[in-house]
>>> print(open('work.pdb').read())   # PDB, C-alpha atoms
ATOM      1  CA  MET A 254       0.000   0.000   0.000
ATOM      2  CA  ALA A 255       2.823   2.357   0.872
ATOM      3  CA  GLN A 256       4.504   1.447  -2.410
ATOM      4  CA  ALA A 257       1.314   2.067  -4.295
ATOM      5  CA  GLU A 258       0.912   5.503  -2.810
ATOM      6  CA  SER A 259       4.483   6.517  -3.457
ATOM      7  CA  LEU A 260       4.211   5.508  -7.099
ATOM      8  CA  GLN A 261       1.039   7.474  -7.415
ATOM      9  CA  THR A 262       2.466  10.628  -5.911
ATOM     10  CA  ASN A 263       5.569  10.325  -8.067
ATOM     11  CA  THR A 264       3.668  10.165 -11.291
ATOM     12  CA  LYS A 265       0.692  12.366 -10.484
ATOM     13  CA  LYS A 266       0.752  15.753 -12.064
ATOM     14  CA  PRO A 267      -1.315  18.305 -10.225
ATOM     15  CA  GLY A 268      -4.116  20.104 -11.937
ATOM     16  CA  PRO A 269      -6.514  19.144 -14.705
ATOM     17  CA  GLN A 270      -3.863  17.162 -16.589
ATOM     18  CA  ALA A 271      -3.744  14.499 -13.850
ATOM     19  CA  ASP A 272      -4.069  11.156 -15.573
ATOM     20  CA  PRO A 273      -7.047   9.203 -14.186
ATOM     21  CA  ARG A 274      -5.085   6.044 -15.005
ATOM     22  CA  ASP A 275      -2.744   6.881 -12.142
ATOM     23  CA  ALA A 276      -5.471   5.571  -9.831
ATOM     24  CA  ILE A 277      -5.091   2.068 -11.267
ATOM     25  CA  VAL A 278      -2.094   1.399  -9.023
ATOM     26  CA  THR A 279      -4.280   1.705  -5.912
ATOM     27  CA  HIS A 280      -6.364  -1.251  -7.104
ATOM     28  CA  LEU A 281      -3.487  -3.699  -7.524
ATOM     29  CA  GLY A 282      -4.111  -5.374  -4.145
ATOM     30  CA  PRO A 283      -7.791  -6.088  -4.808
ATOM     31  CA  MET A 284      -6.977  -7.128  -8.397
ATOM     32  CA  ARG A 285      -4.458  -9.686  -7.131
ATOM     33  CA  ALA A 286      -6.949 -11.019  -4.582
ATOM     34  CA  PHE A 287      -9.725 -11.311  -7.172
ATOM     35  CA  ALA A 288      -7.322 -12.895  -9.665
ATOM     36  CA  LEU A 289      -6.232 -15.471  -7.088
ATOM     37  CA  SER A 290      -9.832 -16.480  -6.468
ATOM     38  CA  LEU A 291     -10.158 -17.193 -10.193
ATOM     39  CA  THR A 292      -6.794 -18.825 -10.919
ATOM     40  CA  ARG A 293      -6.232 -20.359  -7.429
ATOM     41  CA  ASN A 294      -2.535 -19.867  -8.064
ATOM     42  CA  SER A 295      -0.457 -16.809  -7.138
ATOM     43  CA  ALA A 296       1.868 -16.893 -10.138
ATOM     44  CA  ALA A 297      -1.012 -17.290 -12.582
ATOM     45  CA  ALA A 298      -2.888 -14.538 -10.716
ATOM     46  CA  ASP A 299      -0.021 -12.090 -11.222
ATOM     47  CA  ASP A 300       0.221 -12.997 -14.924
ATOM     48  CA  LEU A 301      -3.485 -12.302 -15.175
ATOM     49  CA  VAL A 302      -3.140  -8.952 -13.400
ATOM     50  CA  GLN A 303      -0.280  -8.051 -15.731
ATOM     51  CA  ASP A 304      -2.346  -8.765 -18.866
ATOM     52  CA  THR A 305      -5.255  -6.872 -17.341
ATOM     53  CA  LEU A 306      -3.088  -3.799 -16.704
ATOM     54  CA  VAL A 307      -1.944  -3.653 -20.328
ATOM     55  CA  LYS A 308      -5.513  -3.970 -21.603
ATOM     56  CA  ALA A 309      -6.880  -1.466 -19.105
ATOM     57  CA  TRP A 310      -4.200   1.054 -19.998
ATOM     58  CA  LYS A 311      -4.756   0.759 -23.750
ATOM     59  CA  ASN A 312      -8.554   0.737 -23.508
ATOM     60  CA  PHE A 313      -8.959   3.392 -20.877
ATOM     61  CA  GLY A 314     -11.146   5.339 -23.280
ATOM     62  CA  SER A 315     -13.950   2.860 -22.617
ATOM     63  CA  PHE A 316     -13.912   3.589 -18.887
ATOM     64  CA  GLN A 317     -16.809   5.848 -17.966
ATOM     65  CA  PRO A 318     -15.650   8.502 -15.530
ATOM     66  CA  GLY A 319     -17.770   8.570 -12.419
ATOM     67  CA  THR A 320     -18.244   4.801 -12.409
ATOM     68  CA  LYS A 321     -16.287   2.512 -10.139
ATOM     69  CA  LEU A 322     -12.768   2.056 -11.526
ATOM     70  CA  GLN A 323     -12.243  -1.156  -9.566
ATOM     71  CA  ALA A 324     -15.355  -2.782 -11.022
ATOM     72  CA  TRP A 325     -14.165  -1.816 -14.516
ATOM     73  CA  LEU A 326     -10.741  -3.347 -13.847
ATOM     74  CA  PHE A 327     -12.371  -6.486 -12.404
ATOM     75  CA  THR A 328     -14.486  -6.824 -15.553
ATOM     76  CA  ILE A 329     -11.405  -6.715 -17.776
ATOM     77  CA  LEU A 330      -9.625  -9.126 -15.449
ATOM     78  CA  ARG A 331     -12.368 -11.726 -15.491
ATOM     79  CA  ASN A 332     -12.935 -11.405 -19.243
ATOM     80  CA  THR A 333      -9.218 -11.969 -19.769
ATOM     81  CA  PHE A 334      -9.292 -14.974 -17.455
ATOM     82  CA  TYR A 335     -12.233 -16.622 -19.215
ATOM     83  CA  SER A 336     -10.870 -15.960 -22.672
ATOM     84  CA  ASP A 337      -7.480 -17.450 -21.716
ATOM     85  CA  ARG A 338      -9.281 -20.414 -20.232
ATOM     86  CA  ARG A 339     -11.319 -20.996 -23.364
ATOM     87  CA  LYS A 340      -8.143 -20.960 -25.404
ATOM     88  CA  ALA A 341      -6.431 -23.392 -23.030
ATOM     89  CA  LYS A 342      -9.618 -25.529 -22.830
ATOM     90  CA  ARG A 343      -8.973 -26.244 -19.190
ATOM     91  CA  GLU A 344      -7.989 -24.633 -15.935
ATOM     92  CA  VAL A 345      -4.252 -24.687 -16.350
ATOM     93  CA  ALA A 346      -2.889 -23.557 -13.020
ATOM     94  CA  ASP A 347      -2.442 -25.869 -10.075
ATOM     95  CA  VAL A 348      -3.824 -24.897  -6.734
ATOM     96  CA  ASP A 349      -1.331 -22.742  -4.912
ATOM     97  CA  GLY A 350       0.281 -24.721  -2.127
ATOM     98  CA  ALA A 351       2.405 -21.777  -1.025
ATOM     99  CA  PHE A 352      -0.551 -19.518  -0.318
ATOM    100  CA  ALA A 353      -2.389 -22.289   1.528
ATOM    101  CA  ALA A 354       0.754 -22.954   3.574
ATOM    102  CA  MET A 355       1.049 -19.274   4.441
ATOM    103  CA  LEU A 356      -2.576 -19.324   5.597
ATOM    104  CA  SER A 357      -1.955 -22.383   7.726
ATOM    105  CA  GLU A 358       0.578 -20.387   9.718
ATOM    106  CA  LYS A 359      -2.231 -18.135  10.888
ATOM    107  CA  PRO A 360      -3.564 -20.068  13.847
ATOM    108  CA  ALA A 361      -7.303 -20.402  14.229
ATOM    109  CA  HIS A 362      -8.423 -19.403  17.696
ATOM    110  CA  ASP A 363     -11.255 -20.580  19.914
ATOM    111  CA  GLY A 364     -12.126 -23.527  17.742
ATOM    112  CA  ARG A 365     -12.802 -21.314  14.746
ATOM    113  CA  LEU A 366     -12.402 -22.509  11.221
ATOM    114  CA  ALA A 367      -8.762 -22.438  10.110
ATOM    115  CA  LEU A 368      -8.098 -20.179   7.098
ATOM    116  CA  SER A 369      -6.133 -22.902   5.326
ATOM    117  CA  ASP A 370      -9.009 -25.396   5.729
ATOM    118  CA  PHE A 371     -11.338 -22.789   4.356
ATOM    119  CA  PHE A 372      -9.079 -22.120   1.343
ATOM    120  CA  VAL A 373      -8.790 -25.832   0.601
ATOM    121  CA  ALA A 374     -12.593 -26.069   0.495
ATOM    122  CA  PHE A 375     -12.978 -22.824  -1.457
ATOM    123  CA  VAL A 376     -10.696 -23.870  -4.323
ATOM    124  CA  GLN A 377     -12.886 -26.939  -4.894
ATOM    125  CA  LEU A 378     -15.836 -24.778  -5.919
ATOM    126  CA  PRO A 379     -16.603 -24.166  -9.585
ATOM    127  CA  VAL A 380     -15.022 -20.933 -10.803
ATOM    128  CA  GLU A 381     -18.388 -19.164 -11.255
ATOM    129  CA  GLN A 382     -19.167 -19.722  -7.577
ATOM    130  CA  ARG A 383     -15.695 -18.637  -6.448
ATOM    131  CA  GLU A 384     -16.074 -15.472  -8.470
ATOM    132  CA  ALA A 385     -19.548 -14.640  -7.140
ATOM    133  CA  LEU A 386     -18.560 -15.347  -3.536
ATOM    134  CA  THR A 387     -15.414 -13.240  -3.865
ATOM    135  CA  LEU A 388     -17.251 -10.244  -5.272
ATOM    136  CA  VAL A 389     -20.251 -10.383  -2.933
ATOM    137  CA  GLY A 390     -18.847 -12.083   0.151
ATOM    138  CA  ALA A 391     -15.298 -10.733   0.235
ATOM    139  CA  SER A 392     -15.188  -7.476  -1.774
ATOM    140  CA  GLY A 393     -18.578  -6.293  -0.545
ATOM    141  CA  TYR A 394     -20.077  -5.772  -4.017
ATOM    142  CA  ALA A 395     -23.845  -5.417  -4.168
ATOM    143  CA  TYR A 396     -25.549  -8.201  -6.131
ATOM    144  CA  GLU A 397     -26.342  -5.719  -8.916
ATOM    145  CA  GLU A 398     -22.750  -4.550  -9.092
ATOM    146  CA  ALA A 399     -21.401  -8.108  -9.111
ATOM    147  CA  ALA A 400     -23.902  -9.049 -11.823
ATOM    148  CA  GLN A 401     -22.768  -6.138 -13.969
ATOM    149  CA  THR A 402     -19.113  -6.973 -13.438
ATOM    150  CA  CYS A 403     -19.733 -10.569 -14.533
ATOM    151  CA  GLY A 404     -22.154  -9.674 -17.321
ATOM    152  CA  VAL A 405     -24.929 -11.911 -15.973
ATOM    153  CA  ALA A 406     -28.376 -11.425 -14.423
ATOM    154  CA  VAL A 407     -28.700 -10.511 -10.744
ATOM    155  CA  GLY A 408     -30.576 -13.768 -10.124
ATOM    156  CA  THR A 409     -27.662 -15.719 -11.566
ATOM    157  CA  ILE A 410     -25.224 -14.087  -9.149
ATOM    158  CA  LYS A 411     -27.588 -14.718  -6.227
ATOM    159  CA  SER A 412     -27.930 -18.384  -7.060
ATOM    160  CA  ARG A 413     -24.165 -18.772  -7.543
ATOM    161  CA  VAL A 414     -23.535 -17.181  -4.155
ATOM    162  CA  ASN A 415     -26.120 -19.421  -2.511
ATOM    163  CA  ARG A 416     -24.903 -22.588  -4.172
ATOM    164  CA  GLY A 417     -21.322 -21.681  -3.320
ATOM    165  CA  ARG A 418     -22.207 -21.135   0.346
ATOM    166  CA  LEU A 419     -24.101 -24.415   0.566
ATOM    167  CA  ARG A 420     -21.282 -26.299  -1.086
ATOM    168  CA  LEU A 421     -18.753 -24.754   1.310
ATOM    169  CA  ILE A 422     -20.898 -25.734   4.277
ATOM    170  CA  GLU A 423     -21.090 -29.236   2.884
ATOM    171  CA  LEU A 424     -17.330 -29.504   2.268
ATOM    172  CA  LEU A 425     -16.418 -28.041   5.632
ATOM    173  CA  GLN A 426     -18.895 -30.248   7.469
ATOM    174  CA  ILE A 427     -17.410 -33.281   5.776
ATOM    175  CA  SER A 428     -13.876 -32.322   6.801
ATOM    176  CA  ALA A 429     -15.099 -31.448  10.310
ATOM    177  CA  GLY A 430     -16.909 -34.808  10.289
ATOM    178  CA  ASP A 431     -13.720 -36.602   9.280
ATOM    179  CA  ALA A 432     -11.809 -34.940  12.079
ATOM    180  CA  MET A 433     -14.607 -35.869  14.480
ATOM    181  CA  GLU A 434     -14.639 -39.438  13.271
ATOM    182  CA  MET A 435     -10.874 -39.658  13.714
ATOM    183  CA  THR A 436     -11.127 -38.236  17.194
ATOM    184  CA  ASP A 437     -13.939 -40.659  17.987
ATOM    185  CA  LYS A 438     -11.917 -43.614  16.752
ATOM    186  CA  VAL A 439      -8.880 -42.557  18.752
ATOM    187  CA  THR A 440     -11.014 -41.875  21.806
ATOM    188  CA  MET A 441     -12.812 -45.196  21.424
ATOM    189  CA  SER A 442      -9.595 -47.140  21.061
ATOM    190  CA  VAL A 443      -8.134 -45.412  24.110
ATOM    191  CA  VAL A 444     -11.324 -46.018  26.049
ATOM    192  CA  ASN A 445     -11.500 -49.635  24.884
ATOM    193  CA  ALA A 446      -7.854 -50.265  25.649
ATOM    194  CA  GLY A 447      -8.225 -48.707  29.057
ATOM    195  CA  ASN A 448     -11.470 -50.505  29.774
ATOM    196  CA  ALA A 449     -10.508 -53.909  28.507
ATOM    197  CA  PRO A 450      -8.992 -55.316  31.661
ATOM    198  CA  GLN A 451     -11.454 -53.647  33.999
ATOM    199  CA  ARG A 452     -14.590 -53.604  31.907
ATOM    200  CA  PHE A 453     -16.984 -53.870  34.805
ATOM    201  CA  ALA A 454     -14.852 -52.022  37.246
ATOM    202  CA  GLY A 455     -17.027 -48.884  37.344
TER
ATOM    203  CA  MET B  30     -26.885 -32.914   5.714
ATOM    204  CA  TYR B  31     -28.796 -31.765   2.640
ATOM    205  CA  GLU B  32     -32.011 -31.511   4.648
ATOM    206  CA  TRP B  33     -30.196 -29.516   7.243
ATOM    207  CA  SER B  34     -28.858 -27.120   4.633
ATOM    208  CA  THR B  35     -32.233 -26.394   3.096
ATOM    209  CA  MET B  36     -34.215 -26.332   6.327
ATOM    210  CA  GLU B  37     -31.672 -24.038   7.821
ATOM    211  CA  LYS B  38     -32.539 -21.206   5.405
ATOM    212  CA  LYS B  39     -35.035 -19.409   7.639
ATOM    213  CA  GLU B  40     -33.005 -19.957  10.783
ATOM    214  CA  PRO B  41     -30.472 -17.386  11.944
ATOM    215  CA  LYS B  42     -27.069 -17.880  10.384
ATOM    216  CA  SER B  43     -25.308 -20.956  11.663
ATOM    217  CA  ILE B  44     -21.901 -20.668  13.278
ATOM    218  CA  LEU B  45     -20.375 -22.392  10.273
ATOM    219  CA  GLU B  46     -22.038 -19.929   7.898
ATOM    220  CA  GLU B  47     -20.735 -17.001   9.900
ATOM    221  CA  GLN B  48     -17.262 -18.472   9.876
ATOM    222  CA  ILE B  49     -17.463 -18.981   6.129
ATOM    223  CA  GLU B  50     -18.298 -15.297   5.630
ATOM    224  CA  GLU B  51     -15.500 -14.294   7.955
ATOM    225  CA  ASN B  52     -12.977 -16.558   6.240
ATOM    226  CA  LEU B  53     -13.962 -15.365   2.775
ATOM    227  CA  ARG B  54     -13.127 -11.820   3.828
ATOM    228  CA  LYS B  55      -9.958 -12.837   5.682
ATOM    229  CA  VAL B  56      -8.438 -14.816   2.810
ATOM    230  CA  TYR B  57      -9.214 -11.938   0.447
ATOM    231  CA  LYS B  58      -7.691  -9.391   2.823
ATOM    232  CA  GLU B  59      -4.571 -11.515   3.270
ATOM    233  CA  LYS B  60      -3.950 -11.507  -0.456
ATOM    234  CA  GLU B  61      -4.974  -7.881  -0.905
ATOM    235  CA  ALA B  62      -2.495  -6.769   1.756
ATOM    236  CA  GLU B  63       0.476  -8.589   0.255
ATOM    237  CA  VAL B  64       3.377  -6.518  -1.031
ATOM    238  CA  ILE B  65       2.779  -5.723  -4.703
ATOM    239  CA  PRO B  66       5.409  -7.432  -6.877
ATOM    240  CA  ASP B  67       7.843  -5.043  -8.529
ATOM    241  CA  ARG B  68       7.061  -6.333 -11.987
ATOM    242  CA  LEU B  69       3.491  -5.023 -11.761
ATOM    243  CA  LEU B  70       4.580  -1.599 -10.526
ATOM    244  CA  ALA B  71       7.299  -1.488 -13.179
ATOM    245  CA  LEU B  72       4.759  -2.356 -15.852
ATOM    246  CA  LEU B  73       2.572   0.586 -14.888
ATOM    247  CA  ARG B  74       5.557   2.922 -14.975
ATOM    248  CA  GLN B  75       6.536   1.549 -18.362
ATOM    249  CA  LEU B  76       3.024   2.013 -19.772
ATOM    250  CA  LYS B  77       3.041   5.587 -18.590
ATOM    251  CA  GLU B  78       6.477   6.319 -20.000
ATOM    252  CA  GLN B  79       5.481   4.886 -23.371
ATOM    253  CA  ASP B  80       2.553   7.255 -23.491
ATOM    254  CA  ASP B  81       4.725  10.190 -22.498
ATOM    255  CA  THR B  82       7.277   9.511 -25.239
ATOM    256  CA  ASN B  83       4.604   8.809 -27.853
ATOM    257  CA  GLY B  84       2.792  11.950 -26.902
ATOM    258  CA  THR B  85      -0.474  10.057 -26.646
ATOM    259  CA  SER B  86      -2.683  10.134 -23.533
TER
END
>>> encode(input="work.pdb", output="structure tokens")
Amino acid sequence: MAQAESLQTNTKKPGPQADPRDAIVTHLGPMRAFALSLTRNSAAADDLVQDTLVKAWKNFGSFQPGTKLQAWLFTILRNTFYSDRRKAKREVADVDGAFAAMLSEKPAHDGRLALSDFFVAFVQLPVEQREALTLVGASGYAYEEAAQTCGVAVGTIKSRVNRGRLRLIELLQISAGDAMEMTDKVTMSVVNAGNAPQRFAG
Amino acid sequence: MYEWSTMEKKEPKSILEEQIEENLRKVYKEKEAEVIPDRLLALLRQLKEQDDTNGTS
């Protein structure tokens, strides 16, 4: 963020000649986060941001002043992602182990869901659901705004968000269930082992 | 589990649902707050310089 600001102040010319494109740099963080939710891989996300920057710069004429610059950048970013994906005919990038590992170093407290467990579940969702959840759930976009950014109907975004949430609940319950089952098995074997010689002792 | 998910709709948000919302935001914020790689900042500078030398913009 500090870097972003310093670049902006370096390049910004005061007065009416200030280039509105200088504001793009302040959206790099959100662009990288949105790109990661699509690609699921940090290196691929940065490649995507890079391509998006070139396109945004060259096509800045199509940006309507007064509208949200970030939403415009996100639209270019997702269009670039989907067009690359169509060309590649598959989702090329592997899930990013490094980012998941970094998240796993953030300890979950008070029995809350660990970030890394969440990320592992999240990357299993279809890309349309990841995108909708990221815009609405993480970036705080209104349904209408998210729908516009993705070029789909509001109802489509709503159903993607809902299906994504349900699927996450399902995935996280399963992994919580597995952990529970493991604990139960361990507990049972300890209990059984302990009880075996003195089964009727109590 | 499926029944639970659909029946749950009218209930207040479950703990798991709340944690999902919270984690969505946290993962996003983690990535958003990362240091921006130099190559992206350099690219923006380069795009700007190109415009300045071409006299476009």
>>> residues_around(input="work.pdb", residues="A:Phe371", least_positions_apart="5", cutoff="12 Å", atoms="all atoms listed in the file", output="NGL selection string")
(:A and (353 or 356-357 or 361 or 365-366 or 376-378 or 418 or 420-426 or 428-429)) or (:B and (45-46 or 48-57))
>>> resolve_selection(input="work.pdb", expression="the ChimeraX specification (/B :<6) & /A", output="compact mmCIF listing (two decimals) with C-alpha atoms, keeping the file's coordinate frame")
# COMPACT_ATOMS: atom_id res chain seq x y z
CA GLY A 282 -4.11 -5.37 -4.14
CA PRO A 283 -7.79 -6.09 -4.81
CA ALA A 286 -6.95 -11.02 -4.58
CA ALA A 391 -15.30 -10.73 0.24
>>> resolve_selection(input="work.pdb", expression="the PyMOL selection byres ((chain A and resi 297-303) around 9)", output="PyMOL selection string")
(chain A and resi 281+284-296+304-308+330-331+333-334+345-346) or (chain B and resi 66+68-69+72)
>>> resolve_selection(input="work.pdb", expression="the PyMOL selection byres ((chain A and resi 413) around 9)", output="PyMOL selection string")
chain A and resi 381-386+408-412+414-418
>>> axis_aligned_box(input="work.pdb", around="stretch 51-70 of chain B", padding_each_side="4 Å", output="AutoDock Vina command-line options")
--center_x -3.8 --center_y -9.1 --center_z -2.0 --size_x 31.3 --size_y 23.0 --size_z 27.9
>>> atom_distance(input="work.pdb", atom1="atom CA of A:Lys340", atom2="atom CA of A:Val405")
21.3 Å
>>> atom_distance(input="work.pdb", atom1="atom CA of A:Asp370", atom2="atom CA of A:Glu358")
11.5 Å
>>> atom_distance(input="work.pdb", atom1="atom CA of A:Val407", atom2="atom CA of A:Ala395")
9.6 Å
>>> closest_residue(input="work.pdb", among="A:Ala367, A:Ala374, A:Val380, A:Ala399", to="A:Tyr335", atoms="all atoms listed in the file")
A:Val380
